[in-house]
Each structure stands twice: as structure tokens, then as C-alpha cells.
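Here's structure.txt, which has compact mmCIF, C-alpha atoms:
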```
# COMPACT_ATOMS: atom_id res chain seq x y z
CA MET Q 1 112.98 71.28 115.87
CA SER Q 2 112.43 71.19 119.63
CA GLU Q 3 109.60 73.01 121.39
CA THR Q 4 112.00 75.66 122.68
CA SER Q 5 113.48 76.23 119.22
CA LEU Q 6 110.01 76.54 117.73
CA SER Q 7 109.04 79.20 120.28
CA LEU Q 8 112.33 80.97 119.64
CA LEU Q 9 111.72 80.74 115.89
CA ILE Q 10 108.34 82.43 116.19
CA LEU Q 11 109.59 85.11 118.58
CA GLY Q 12 112.47 85.89 116.20
CA MET Q 13 110.08 86.15 113.26
CA VAL Q 14 107.85 88.56 115.20
CA LEU Q 15 110.83 90.79 116.01
CA ILE Q 16 112.24 90.68 112.46
CA ASN Q 17 108.89 91.67 111.01
CA LEU Q 18 108.56 94.61 113.40
CA ALA Q 19 112.15 95.65 112.71
CA ILE Q 20 111.27 95.88 109.00
CA ARG Q 21 107.81 97.41 109.22
CA TYR Q 22 108.11 99.93 112.05
CA PRO Q 23 111.33 102.05 111.79
CA VAL Q 24 110.17 104.17 108.83
CA PHE Q 25 106.96 105.13 110.62
CA LEU Q 26 108.79 105.48 113.95
CA LEU Q 27 111.19 108.09 112.56
CA ALA Q 28 108.62 109.69 110.26
CA ASP Q 29 108.82 113.15 111.84
CA ARG Q 30 112.61 113.24 111.99
CA PHE Q 31 113.52 112.70 108.37
CA ARG Q 32 112.13 112.78 104.87
CA PHE Q 33 113.13 110.73 101.87
CA PRO Q 34 114.82 112.72 99.08
CA PRO Q 35 112.43 113.57 96.19
CA LEU Q 36 114.13 111.09 93.85
CA ILE Q 37 113.49 108.22 96.29
CA GLU Q 38 109.90 109.32 96.75
CA ARG Q 39 109.49 109.26 92.99
CA ALA Q 40 111.00 105.76 92.82
CA LEU Q 41 108.62 104.50 95.51
CA ALA Q 42 105.66 105.00 93.18
CA PHE Q 43 106.93 101.97 91.25
CA VAL Q 44 107.12 99.70 94.30
CA PRO Q 45 103.66 98.07 94.22
CA ALA Q 46 103.77 97.09 90.55
CA ALA Q 47 107.40 95.93 90.74
CA VAL Q 48 107.17 93.90 93.98
CA LEU Q 49 103.89 92.18 93.23
CA THR Q 50 104.90 91.29 89.67
CA ALA Q 51 108.22 89.93 90.98
CA ILE Q 52 106.17 87.63 93.24
CA ILE Q 53 103.58 86.54 90.65
CA VAL Q 54 105.64 85.78 87.53
CA PRO Q 55 108.10 83.28 89.08
CA ALA Q 56 105.21 81.73 91.06
CA VAL Q 57 103.34 80.80 87.87
CA ILE Q 58 106.41 79.84 85.80
CA PHE Q 59 107.92 77.65 88.56
CA PRO Q 60 104.83 76.28 90.32
CA HIS Q 61 106.58 73.14 91.58
CA GLY Q 62 110.14 74.21 92.35
CA PRO Q 63 113.30 74.57 90.28
CA GLN Q 64 111.93 73.45 86.88
CA ALA Q 65 110.45 76.17 84.62
CA GLU Q 66 107.08 75.12 83.13
CA LEU Q 67 106.64 77.39 80.13
CA ASP Q 68 104.10 75.26 78.28
CA TRP Q 69 100.40 74.75 77.63
CA HIS Q 70 100.12 72.14 80.38
CA ASN Q 71 100.82 74.60 83.18
CA PRO Q 72 97.43 75.65 84.62
CA TYR Q 73 99.08 78.34 86.79
CA LEU Q 74 100.50 80.12 83.76
CA LEU Q 75 97.33 79.82 81.67
CA ALA Q 76 95.03 80.89 84.50
CA ALA Q 77 97.33 83.83 85.31
CA ILE Q 78 97.13 85.03 81.68
CA LEU Q 79 93.34 84.71 81.81
CA ALA Q 80 93.17 86.53 85.16
CA ALA Q 81 95.33 89.35 83.77
CA ALA Q 82 92.96 89.70 80.81
CA ILE Q 83 89.92 89.67 83.11
CA SER Q 84 91.50 92.33 85.31
CA TYR Q 85 92.48 94.46 82.31
CA PHE Q 86 88.96 94.48 80.88
CA THR Q 87 86.84 94.52 84.05
CA ARG Q 88 89.14 96.48 86.44
CA ASN Q 89 87.30 94.54 89.15
CA LEU Q 90 89.35 92.83 91.86
CA LEU Q 91 86.70 90.45 93.15
CA ALA Q 92 85.80 89.33 89.59
CA THR Q 93 89.50 88.73 88.89
CA ILE Q 94 89.94 86.60 92.02
CA VAL Q 95 86.75 84.54 91.63
CA LEU Q 96 86.95 84.02 87.84
CA GLY Q 97 90.73 83.49 88.01
CA MET Q 98 90.33 80.75 90.60
CA ALA Q 99 87.49 79.15 88.62
CA ALA Q 100 89.68 79.22 85.50
CA PHE Q 101 92.53 77.64 87.42
CA LEU Q 102 90.40 74.79 88.81
CA LEU Q 103 88.79 74.12 85.41
CA LEU Q 104 92.13 74.16 83.60
CA ARG Q 105 93.66 71.82 86.13
CA TRP Q 106 90.78 69.41 85.81
CA TRP Q 107 90.80 69.69 82.00
CA LEU Q 108 94.57 69.21 81.70
CA GLY Q 109 94.40 66.39 84.22
CA VAL Q 110 97.34 67.64 86.30
CA MET Z 111 89.53 131.47 100.93
CA THR Z 112 90.39 127.96 101.99
CA ALA Z 113 92.55 125.78 99.80
CA ILE Z 114 90.61 123.18 97.88
CA SER Z 115 92.96 120.24 98.04
CA THR Z 116 90.49 117.49 97.28
CA ALA Z 117 87.17 117.76 95.53
CA LEU Z 118 85.78 114.93 97.65
CA PRO Z 119 83.93 115.80 100.87
CA ALA Z 120 85.46 114.67 104.18
CA MET Z 121 84.00 111.50 105.67
CA SER Z 122 82.99 110.78 109.25
CA ARG Z 123 84.99 108.33 111.32
CA ARG Z 124 82.31 105.70 110.94
CA ASP Z 125 82.24 106.10 107.17
CA GLU Z 126 86.03 105.81 106.99
CA ILE Z 127 85.94 102.56 108.98
CA TRP Z 128 83.15 101.19 106.81
CA HIS Z 129 84.88 102.18 103.57
CA GLY Z 130 88.20 100.74 104.79
CA LEU Z 131 86.54 97.39 105.46
CA ARG Z 132 84.55 97.48 102.22
CA ASP Z 133 87.59 98.27 100.07
CA THR Z 134 89.62 95.55 101.81
CA PHE Z 135 86.92 92.92 101.45
CA PRO Z 136 88.09 91.54 98.06
CA MET Z 137 91.60 91.13 99.53
CA MET Z 138 90.12 89.25 102.46
CA VAL Z 139 88.44 86.85 100.04
CA GLY Z 140 91.77 86.42 98.26
CA ALA Z 141 93.61 85.68 101.50
CA LEU Z 142 90.97 83.19 102.70
CA PRO Z 143 92.26 80.03 101.00
CA PHE Z 144 95.80 81.06 101.82
CA GLY Z 145 94.93 81.21 105.54
CA VAL Z 146 93.22 77.82 105.43
CA ILE Z 147 96.20 76.26 103.66
CA PHE Z 148 98.60 77.78 106.15
CA GLY Z 149 96.64 76.35 109.09
CA THR Z 150 96.53 72.93 107.43
CA LEU Z 151 100.15 72.89 106.35
CA ALA Z 152 101.55 74.13 109.65
CA THR Z 153 99.63 71.45 111.52
CA ALA Z 154 100.91 68.80 109.12
CA GLN Z 155 104.48 70.02 109.74
CA GLY Z 156 104.13 69.32 113.44
CA LEU Z 157 103.47 72.75 114.91
CA SER Z 158 101.14 72.80 117.90
CA PRO Z 159 97.84 74.70 117.60
CA LEU Z 160 99.25 77.37 119.93
CA GLN Z 161 102.34 77.83 117.74
CA VAL Z 162 100.28 77.95 114.54
CA MET Z 163 97.99 80.60 116.00
CA SER Z 164 100.79 82.68 117.49
CA MET Z 165 102.39 82.88 114.04
CA SER Z 166 99.21 84.21 112.48
CA LEU Z 167 98.46 86.50 115.44
CA PHE Z 168 101.90 88.03 115.95
CA VAL Z 169 104.04 87.43 112.87
CA PHE Z 170 101.07 88.22 110.59
CA SER Z 171 102.92 87.76 107.33
CA GLY Z 172 101.65 85.10 104.94
CA SER Z 173 104.78 84.73 102.84
CA ALA Z 174 107.14 84.51 105.83
CA GLN Z 175 104.82 82.07 107.60
CA PHE Z 176 104.75 79.77 104.56
CA ILE Z 177 108.53 79.89 104.19
CA ALA Z 178 108.90 79.06 107.89
CA VAL Z 179 106.64 76.03 107.85
CA GLY Z 180 108.26 74.92 104.59
CA LEU Z 181 111.73 75.02 106.15
CA VAL Z 182 110.97 74.12 109.74
CA THR Z 183 111.75 70.40 109.43
CA SER Z 184 114.96 70.86 107.44
CA SER Z 185 116.64 74.17 108.29
CA ALA Z 186 118.43 75.92 111.13
CA LEU Z 187 116.83 78.81 112.98
CA TRP Z 188 119.04 81.47 111.41
CA VAL Z 189 118.18 80.26 107.89
CA ILE Z 190 114.47 80.78 108.52
CA TRP Z 191 115.12 84.15 110.14
CA ALA Z 192 117.26 85.25 107.18
CA ALA Z 193 114.54 84.09 104.79
CA THR Z 194 111.91 86.01 106.79
CA PHE Z 195 114.05 89.12 106.64
CA ILE Z 196 114.72 89.00 102.91
CA ILE Z 197 111.24 88.06 101.82
CA ASN Z 198 109.69 90.79 103.97
CA LEU Z 199 112.10 93.59 103.11
CA ARG Z 200 109.45 94.74 100.67
CA HIS Z 201 107.44 96.00 103.64
CA LEU Z 202 110.16 98.57 104.22
CA LEU Z 203 109.45 99.92 100.74
CA TYR Z 204 105.71 99.89 101.49
CA ALA Z 205 106.23 101.84 104.71
CA ALA Z 206 108.45 104.33 102.88
CA ASN Z 207 105.72 104.77 100.29
CA LEU Z 208 103.03 105.52 102.90
CA VAL Z 209 105.08 107.45 105.47
CA ASN Z 210 104.09 110.94 104.27
CA HIS Z 211 100.48 110.12 105.06
CA VAL Z 212 101.05 108.98 108.66
CA ARG Z 213 103.73 111.51 109.66
CA HIS Z 214 101.21 113.67 111.55
CA LEU Z 215 99.94 110.78 113.69
CA PRO Z 216 101.16 110.02 117.23
CA GLN Z 217 103.32 106.90 117.77
CA TYR Z 218 100.49 104.91 119.34
CA TRP Z 219 98.79 105.16 115.94
CA ARG Z 220 101.89 104.67 113.82
CA PHE Z 221 102.92 101.48 115.62
CA PRO Z 222 99.79 99.38 114.90
CA LEU Z 223 99.56 100.77 111.36
CA ALA Z 224 103.16 99.65 110.73
CA ALA Z 225 102.94 96.32 112.56
CA MET Z 226 99.87 95.26 110.58
CA LEU Z 227 101.02 96.49 107.16
CA THR Z 228 100.57 93.73 104.58
CA ASP Z 229 100.68 93.56 100.76
CA GLU Z 230 96.90 93.83 100.65
CA THR Z 231 96.48 96.76 103.05
CA PHE Z 232 99.33 98.54 101.30
CA ALA Z 233 97.56 98.19 97.95
CA VAL Z 234 94.32 99.50 99.45
CA MET Z 235 96.02 102.43 101.21
CA GLU Z 236 98.20 103.44 98.30
CA LEU Z 237 95.10 103.83 96.14
CA ARG Z 238 93.09 105.55 98.86
CA TYR Z 239 95.77 108.15 99.66
CA ARG Z 240 96.24 108.83 95.94
CA GLN Z 241 92.50 109.38 95.48
CA ARG Z 242 91.43 111.07 98.72
CA GLY Z 243 94.58 112.15 100.54
CA SER Z 244 95.28 111.62 104.23
CA GLU Z 245 93.16 114.31 105.84
CA GLY Z 246 90.52 113.82 108.54
CA TYR Z 247 89.89 110.28 109.68
CA ALA Z 248 91.93 108.56 106.95
CA HIS Z 249 93.90 106.67 109.61
CA TRP Z 250 90.67 104.98 110.77
CA TYR Z 251 90.22 103.71 107.23
CA TYR Z 252 93.80 102.37 107.37
CA LEU Z 253 93.24 100.76 110.79
CA ALA Z 254 89.98 99.16 109.61
CA SER Z 255 91.80 97.66 106.63
CA CYS Z 256 94.53 96.27 108.92
CA ILE Z 257 92.15 94.82 111.47
CA GLY Z 258 89.93 93.36 108.74
CA MET Z 259 92.92 91.56 107.20
CA TRP Z 260 94.21 90.46 110.61
CA LEU Z 261 90.91 89.01 111.85
CA ASN Z 262 90.34 87.38 108.47
CA TRP Z 263 93.81 85.81 108.42
CA ASN Z 264 93.49 84.47 111.95
CA PHE Z 265 89.98 83.18 111.45
CA TRP Z 266 90.94 81.20 108.34
CA THR Z 267 94.16 79.97 109.94
CA LEU Z 268 92.01 78.59 112.75
CA VAL Z 269 89.65 76.97 110.22
CA GLY Z 270 92.64 75.40 108.45
CA LEU Z 271 93.99 74.17 111.74
CA VAL Z 272 90.70 72.47 112.66
CA VAL Z 273 89.91 71.20 109.16
CA GLY Z 274 93.52 70.10 108.58
CA GLN Z 275 93.18 67.55 111.32
CA SER Z 276 90.20 65.91 109.61
CA PHE Z 277 91.09 66.45 105.90
CA PRO Z 278 94.87 66.40 105.56
CA ASP Z 279 94.56 66.47 101.75
CA LEU Z 280 93.01 69.93 101.53
CA LYS Z 281 95.99 71.60 99.89
CA SER Z 282 95.50 69.48 96.77
CA LEU Z 283 92.45 71.66 96.00
CA GLY Z 284 94.81 74.08 94.31
CA LEU Z 285 93.69 77.08 96.32
CA GLU Z 286 97.25 78.35 96.24
CA PHE Z 287 96.36 80.13 93.01
CA ALA Z 288 94.27 82.60 95.04
CA MET Z 289 97.32 84.69 95.93
CA VAL Z 290 98.37 84.94 92.28
CA ALA Z 291 94.85 85.99 91.23
CA THR Z 292 94.69 88.59 94.02
CA PHE Z 293 98.02 90.16 93.13
CA ILE Z 294 97.17 90.21 89.42
CA GLY Z 295 93.92 91.99 90.26
CA ILE Z 296 95.86 94.59 92.25
CA VAL Z 297 98.65 95.17 89.73
CA ILE Z 298 96.93 95.34 86.33
CA PRO Z 299 94.51 98.26 86.99
CA GLY Z 300 97.41 100.26 88.42
CA LEU Z 301 99.48 100.06 85.23
CA LYS Z 302 98.44 103.42 83.84
CA THR Z 303 101.67 104.73 82.30
CA LYS Z 304 104.48 103.30 80.18
CA PRO Z 305 107.08 103.57 82.98
CA LEU Z 306 104.73 101.56 85.25
CA TRP Z 307 104.35 98.84 82.59
CA ALA Z 308 108.12 98.79 82.10
CA ALA Z 309 108.68 98.51 85.87
CA ALA Z 310 106.30 95.56 86.16
CA ILE Z 311 107.65 93.71 83.10
CA THR Z 312 111.28 94.21 84.17
CA ALA Z 313 110.54 93.08 87.74
CA GLY Z 314 108.76 89.93 86.55
CA LEU Z 315 111.50 89.09 84.06
CA VAL Z 316 114.44 89.64 86.41
CA ALA Z 317 112.75 87.81 89.30
CA THR Z 318 112.13 84.85 86.96
CA LEU Z 319 115.70 84.79 85.65
CA LEU Z 320 117.08 84.99 89.23
CA HIS Z 321 114.57 82.51 90.64
CA HIS Z 322 117.35 80.03 91.45
CA LEU Z 323 118.97 82.36 94.03
CA PRO Z 324 118.53 81.31 97.67
CA TYR Z 325 115.91 82.76 100.07
CA GLN Z 326 113.93 84.21 97.19
CA SER Z 327 116.43 87.04 96.86
CA GLY Z 328 115.51 87.06 93.15
CA LEU Z 329 112.24 88.63 94.25
CA MET Z 330 114.00 91.59 95.88
CA LEU Z 331 116.49 92.04 93.02
CA GLY Z 332 113.68 91.83 90.46
CA ALA Z 333 111.67 94.43 92.35
CA LEU Z 334 114.68 96.76 92.58
CA ALA Z 335 115.40 96.38 88.85
CA GLY Z 336 111.76 97.18 88.09
CA VAL Z 337 111.74 100.26 90.30
CA GLY Z 338 115.03 101.42 88.71
CA ILE Z 339 113.76 101.09 85.13
CA GLY Z 340 110.47 102.75 86.03
CA LEU Z 341 112.26 105.69 87.63
CA VAL Z 342 114.67 106.19 84.70
CA LEU Z 343 111.83 106.18 82.14
CA ASP Z 344 109.75 108.46 84.34
CA LEU Z 345 112.57 111.01 84.67
CA ARG Z 346 113.18 110.92 80.91
CA ARG Z 347 109.50 111.46 80.20
CA LYS Z 348 109.33 114.43 82.57
CA LYS Z 349 112.40 115.91 80.90
CA LEU Z 350 110.76 115.58 77.46
CA GLU Z 351 107.59 117.24 78.73
CA ALA Z 352 109.64 120.07 80.24
CA SER Z 353 111.47 120.67 76.93
CA VAL Z 354 108.13 120.85 75.08
CA TYR Z 355 106.96 123.69 77.32
CA GLU Z 356 110.15 125.69 76.91
```
As C-alpha cells - that is how I would like this structure written.
Amino acid sequence: MSETSLSLLILGMVLINLAIRYPVFLLADRFRFPPLIERALAFVPAAVLTAIIVPAVIFPHGPQAELDWHNPYLLAAILAAAISYFTRNLLATIVLGMAAFLLLRWWLGV
Amino acid sequence: MTAISTALPAMSRRDEIWHGLRDTFPMMVGALPFGVIFGTLATAQGLSPLQVMSMSLFVFSGSAQFIAVGLVTSSALWVIWAATFIINLRHLLYAANLVNHVRHLPQYWRFPLAAMLTDETFAVMELRYRQRGSEGYAHWYYLASCIGMWLNWNFWTLVGLVVGQSFPDLKSLGLEFAMVATFIGIVIPGLKTKPLWAAAITAGLVATLLHHLPYQSGLMLGALAGVGIGLVLDLRRKKLEASVYE
């Protein structure tokens, strides 16, 4: 990509991001979401983040699913979920989860 | 008599800022390796330091930035823009979720709070508004969370940019697991009801089954399926509770 295209690429990305993030706040005082939608929105965090995580650990290297005991992403994710469930502590989940991932990767030799 | 809406006492502006930063701190740790990898990767893909930094400063969206540097050598402009749009549509849902708590603010507040809304700040704010509401200086807490994430992201991008030029092999450290660990740590404690569990499980399952779709649209479809299932179960549960009281 040329220098001009790269600058254009970044400018476009800035505008797209603002076009997604801002309108709802911009028009906040002019409309309200119907109660049913507001109810549905309570499920957004859990649904979106899980939809990011699960494929990321099952397909760590692209199109091939790696549902086996040699996939450190999957194993470390299961461990991190258990740590989070029992400790309810975000920092502990991140630090111990990463440690588990690095150890598993070293141990599995992948 | 005044209405007692929250049992918690109101905080000063300074306290709100401090609490916003403190509650965002774990997310900043989680984003750290991600920022370093982005800086390294973008440099390796041929972006100039100015271009790398302007992405982190003005696009400020980890997932879109990674997609862009992943596609930049192989794809047309419109493909990357389309990918940015689809992968970040979730921020529209985040904004919709928070909008009731910023409605009373003037536009010069709403704009920065929207422009800097990330997965992490959304998670922090969703919890905060649920626990303490949006009265008083809550928007300073929100702004502190945004600015904390933004400075953090840019600082570690810069580190990645500098380090990437001396250690091009840094991404083999496997730090990419940090994002997964962060999101797991956000999701699991929030799963307090059966409809929430069902929403998460459905979203993960559908997103996995539709992983092969282009531009990660499986992510969006999975999320929508999860929200749908959660809502249906929630409505059914409320109906059951209502019939018990009759």
C-alpha cells in the first residue's frame, strides 16, 4: 500500500469508529430504546466477549480447529475460567492465566 | 423526605477519578502486552512510526488495529474498512447499554466518552453504573477510565514500536493470550443468572461454528444469538415469577 493509501486507511478507520461509537450518545436526549431492547442489552457484555474468546482459543492459528490436549490456548483458558470463578479477581485471572499459558506452552513444547 | 436511591454515599470528583483509574488498572495490565505486540507487528508490516502512533492515538481500537495491520499487505482499502466496521459494531451495543447514564451530560462530555469507549472501559462502567448509579461525578470516573486506557494503549504501542525494531521476534512470547485472560476475567464473575450463562454459552458456540465466515462476522452473529437466547429465557423467567405472585 502506498503512503497516501495508508494515510487514507487510517483516516477512514478513525471515521468508521466514530460513526459506530458516537451516534447513540449524540442522540441520547432525543430518543429512548424500547424496554425490550434495554432488557436485551443486559446480555451484551457476556455474549460479545464470549463470542470473541471461544473461537480465539479453539482456532488459535487460523482455519483449523484445535480441540485437543496440545492446545495451550484452550487449556489455559479453561484454567483461567476456573481461577476467575473461584477468586472473582480480575488481576489474579490475568496474571495466573498468562503464567499458565506460558508454562503449558513450554511443557507441551509448542 | 428525599428519595434514597443508592445506599452508597456520593463521592467527590477527585475520588471518582481515582476510583475510575483504580478499577481500570487490571484492564490496563491486560492490554499492555497487546499494545506492545501491536507496535511490534505494525512496524514489521511496514507502517511508519507516525502511522503506527496515529492508529493508536485516533483509531484507538485494538481489534480493528490488529485486523488492519494483518490485512494491510494483502487487501484493498474497502476490505479493511468493512472489517473495521463489522468487528467494531459491538461498540454500538455498548453505547446503547450505557446511554441512559450519560443522557444528562452535555455533548462536549458525551463525545469523548463515546470516542474512547472500549471493551475494557465498557466492562468497568457497566459494573459501576449497576452498583452506584450515574449521579454526581460518575462521568469523571468514566473519563478517568477512558484516559487511563488510552494513555496505557499509546504508551505500550510506543514501547512495542521501539522494541520491535531491536527484537523483531517479540510476538513469539505468546503474550497474545493476555486478551483472552482479560475477557475471561470480565465475563465469568458477571454470569450470575441462568439466562446470562445461556447467553454466554450460545454466543461462544455460534461464534465458533460460524468462525469460517469472512470479516469475523461470526462474532457478531454469535453475540446476537447469545443476546436473543438470554432475552427469551429472561422473559420466560419473569413470566413464571409473575404467575407465582398471582
Quick one: residues within 8 Å of region 15-17 of chain Q, all atoms listed in the file, excluding same-chain residues fewer than 5 positions away - as a list of chain:residue names?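 In the requested format, the answer is Z:Val169, Z:Trp191, Z:Thr194, Z:Phe195, Z:Asn198, Z:Ala225.
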Residue list for chain Z near chain Q as a VMD selection string, 7 Å, only C-alpha atoms: chain Z and resid 136 140 165 168 to 169 183 187 191 194 to 195 199 201 to 203 205 to 207 209 213 217 220 to 221 224 to 225 287 to 288 290 to 299 306 309 to 310 313 to 314 317 to 318 321 to 322 329 332 to 333 336 to 337 340 to 341
Those residues you just picked out, can you put them in a file as a CSV table (one decimal), keeping the file's coordinate frame with C-alpha atoms?
```csv
chain,number,residue,atom,x,y,z
Z,136,PRO,CA,88.1,91.5,98.1
Z,140,GLY,CA,91.8,86.4,98.3
Z,165,MET,CA,102.4,82.9,114.0
Z,168,PHE,CA,101.9,88.0,116.0
Z,169,VAL,CA,104.0,87.4,112.9
Z,183,THR,CA,111.8,70.4,109.4
Z,187,LEU,CA,116.8,78.8,113.0
Z,191,TRP,CA,115.1,84.2,110.1
Z,194,THR,CA,111.9,86.0,106.8
Z,195,PHE,CA,114.0,89.1,106.6
Z,199,LEU,CA,112.1,93.6,103.1
Z,201,HIS,CA,107.4,96.0,103.6
Z,202,LEU,CA,110.2,98.6,104.2
Z,203,LEU,CA,109.4,99.9,100.7
Z,205,ALA,CA,106.2,101.8,104.7
Z,206,ALA,CA,108.4,104.3,102.9
Z,207,ASN,CA,105.7,104.8,100.3
Z,209,VAL,CA,105.1,107.4,105.5
Z,213,ARG,CA,103.7,111.5,109.7
Z,217,GLN,CA,103.3,106.9,117.8
Z,220,ARG,CA,101.9,104.7,113.8
Z,221,PHE,CA,102.9,101.5,115.6
Z,224,ALA,CA,103.2,99.6,110.7
Z,225,ALA,CA,102.9,96.3,112.6
Z,287,PHE,CA,96.4,80.1,93.0
Z,288,ALA,CA,94.3,82.6,95.0
Z,290,VAL,CA,98.4,84.9,92.3
Z,291,ALA,CA,94.8,86.0,91.2
Z,292,THR,CA,94.7,88.6,94.0
Z,293,PHE,CA,98.0,90.2,93.1
Z,294,ILE,CA,97.2,90.2,89.4
Z,295,GLY,CA,93.9,92.0,90.3
Z,296,ILE,CA,95.9,94.6,92.2
Z,297,VAL,CA,98.6,95.2,89.7
Z,298,ILE,CA,96.9,95.3,86.3
Z,299,PRO,CA,94.5,98.3,87.0
Z,306,LEU,CA,104.7,101.6,85.2
Z,309,ALA,CA,108.7,98.5,85.9
Z,310,ALA,CA,106.3,95.6,86.2
Z,313,ALA,CA,110.5,93.1,87.7
Z,314,GLY,CA,108.8,89.9,86.6
Z,317,ALA,CA,112.8,87.8,89.3
Z,318,THR,CA,112.1,84.8,87.0
Z,321,HIS,CA,114.6,82.5,90.6
Z,322,HIS,CA,117.4,80.0,91.4
Z,329,LEU,CA,112.2,88.6,94.2
Z,332,GLY,CA,113.7,91.8,90.5
Z,333,ALA,CA,111.7,94.4,92.4
Z,336,GLY,CA,111.8,97.2,88.1
Z,337,VAL,CA,111.7,100.3,90.3
Z,340,GLY,CA,110.5,102.8,86.0
Z,341,LEU,CA,112.3,105.7,87.6
```
Point-to-point distance from CA of Gly149 (chain Z) to CA of Tyr252 (chain Z), Å rounded to tenths: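 So the two atoms, CA of Gly149 (chain Z) and CA of Tyr252 (chain Z), lie 26.2 Å apart.
CA of Met226 (chain Z) lies 29.7 Å from CA of Pro305 (chain Z).
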One-decimal distance in Å that lies between CA of Phe135 (chain Z) and CA of Val272 (chain Z): 23.6 Å
Would you list the contacts of region 269-271 of chain Z as a PyMOL selection string, taking every protein, DNA or RNA residue within 10 Å and counting only C-alpha atoms, but skipping same-chain residues closer than 2 positions in sequence? chain Z and resi 142-154+158-159+162-163+263-267+273-278+280-281
Taking all atoms of region 186-203 of chain Z that appear in the file, build a box with edges along x, y and z, extend it by 3 Å on every side, and state its centre and edge lengths in Å to one decimal, as AutoDock Vina command-line options.
```
--center_x 113.2 --center_y 87.9 --center_z 106.8 --size_x 17.6 --size_y 30.0 --size_z 18.3
```
Please, could N, CA, C and O atoms be added to region 296-311 of chain Z and the result written as a PDB file, in the frame of the given file?
```
ATOM      1  N   ILE Z 296      95.367  93.326  91.686  1.00  0.00           N
ATOM      2  CA  ILE Z 296      95.860  94.590  92.250  1.00  0.00           C
ATOM      3  C   ILE Z 296      96.743  95.312  91.237  1.00  0.00           C
ATOM      4  O   ILE Z 296      96.636  96.517  91.049  1.00  0.00           O
ATOM      5  N   VAL Z 297      97.626  94.549  90.583  1.00  0.00           N
ATOM      6  CA  VAL Z 297      98.650  95.170  89.730  1.00  0.00           C
ATOM      7  C   VAL Z 297      98.072  95.759  88.449  1.00  0.00           C
ATOM      8  O   VAL Z 297      98.305  96.926  88.128  1.00  0.00           O
ATOM      9  N   ILE Z 298      97.326  94.950  87.697  1.00  0.00           N
ATOM     10  CA  ILE Z 298      96.930  95.340  86.330  1.00  0.00           C
ATOM     11  C   ILE Z 298      96.210  96.702  86.284  1.00  0.00           C
ATOM     12  O   ILE Z 298      96.608  97.567  85.502  1.00  0.00           O
ATOM     13  N   PRO Z 299      95.181  96.953  87.117  1.00  0.00           N
ATOM     14  CA  PRO Z 299      94.510  98.260  86.990  1.00  0.00           C
ATOM     15  C   PRO Z 299      95.421  99.438  87.328  1.00  0.00           C
ATOM     16  O   PRO Z 299      95.153 100.564  86.929  1.00  0.00           O
ATOM     17  N   GLY Z 300      96.501  99.178  88.050  1.00  0.00           N
ATOM     18  CA  GLY Z 300      97.410 100.260  88.420  1.00  0.00           C
ATOM     19  C   GLY Z 300      98.400 100.632  87.328  1.00  0.00           C
ATOM     20  O   GLY Z 300      99.080 101.651  87.417  1.00  0.00           O
ATOM     21  N   LEU Z 301      98.498  99.802  86.289  1.00  0.00           N
ATOM     22  CA  LEU Z 301      99.480 100.060  85.230  1.00  0.00           C
ATOM     23  C   LEU Z 301      98.937 101.098  84.253  1.00  0.00           C
ATOM     24  O   LEU Z 301      98.408 100.754  83.206  1.00  0.00           O
ATOM     25  N   LYS Z 302      99.082 102.362  84.621  1.00  0.00           N
ATOM     26  CA  LYS Z 302      98.440 103.420  83.840  1.00  0.00           C
ATOM     27  C   LYS Z 302      99.400 104.166  82.926  1.00  0.00           C
ATOM     28  O   LYS Z 302      98.966 104.914  82.061  1.00  0.00           O
ATOM     29  N   THR Z 303     100.703 104.017  83.140  1.00  0.00           N
ATOM     30  CA  THR Z 303     101.670 104.730  82.300  1.00  0.00           C
ATOM     31  C   THR Z 303     102.701 103.745  81.771  1.00  0.00           C
ATOM     32  O   THR Z 303     102.842 102.639  82.292  1.00  0.00           O
ATOM     33  N   LYS Z 304     103.445 104.170  80.744  1.00  0.00           N
ATOM     34  CA  LYS Z 304     104.480 103.300  80.180  1.00  0.00           C
ATOM     35  C   LYS Z 304     105.576 102.969  81.189  1.00  0.00           C
ATOM     36  O   LYS Z 304     105.990 101.812  81.284  1.00  0.00           O
ATOM     37  N   PRO Z 305     106.070 103.941  81.978  1.00  0.00           N
ATOM     38  CA  PRO Z 305     107.080 103.570  82.980  1.00  0.00           C
ATOM     39  C   PRO Z 305     106.575 102.515  83.972  1.00  0.00           C
ATOM     40  O   PRO Z 305     107.339 101.637  84.384  1.00  0.00           O
ATOM     41  N   LEU Z 306     105.279 102.564  84.334  1.00  0.00           N
ATOM     42  CA  LEU Z 306     104.730 101.560  85.250  1.00  0.00           C
ATOM     43  C   LEU Z 306     104.719 100.175  84.598  1.00  0.00           C
ATOM     44  O   LEU Z 306     105.072  99.172  85.220  1.00  0.00           O
ATOM     45  N   TRP Z 307     104.308 100.111  83.334  1.00  0.00           N
ATOM     46  CA  TRP Z 307     104.350  98.840  82.590  1.00  0.00           C
ATOM     47  C   TRP Z 307     105.782  98.312  82.533  1.00  0.00           C
ATOM     48  O   TRP Z 307     106.025  97.133  82.781  1.00  0.00           O
ATOM     49  N   ALA Z 308     106.714  99.206  82.211  1.00  0.00           N
ATOM     50  CA  ALA Z 308     108.120  98.790  82.100  1.00  0.00           C
ATOM     51  C   ALA Z 308     108.631  98.274  83.439  1.00  0.00           C
ATOM     52  O   ALA Z 308     109.349  97.273  83.492  1.00  0.00           O
ATOM     53  N   ALA Z 309     108.243  98.940  84.536  1.00  0.00           N
ATOM     54  CA  ALA Z 309     108.680  98.510  85.870  1.00  0.00           C
ATOM     55  C   ALA Z 309     108.174  97.108  86.164  1.00  0.00           C
ATOM     56  O   ALA Z 309     108.921  96.246  86.626  1.00  0.00           O
ATOM     57  N   ALA Z 310     106.891  96.873  85.873  1.00  0.00           N
ATOM     58  CA  ALA Z 310     106.300  95.560  86.160  1.00  0.00           C
ATOM     59  C   ALA Z 310     106.954  94.475  85.298  1.00  0.00           C
ATOM     60  O   ALA Z 310     107.341  93.418  85.813  1.00  0.00           O
ATOM     61  N   ILE Z 311     107.093  94.733  84.000  1.00  0.00           N
ATOM     62  CA  ILE Z 311     107.650  93.710  83.100  1.00  0.00           C
ATOM     63  C   ILE Z 311     109.100  93.394  83.490  1.00  0.00           C
ATOM     64  O   ILE Z 311     109.491  92.223  83.580  1.00  0.00           O
TER      65      ILE Z 311
END
```
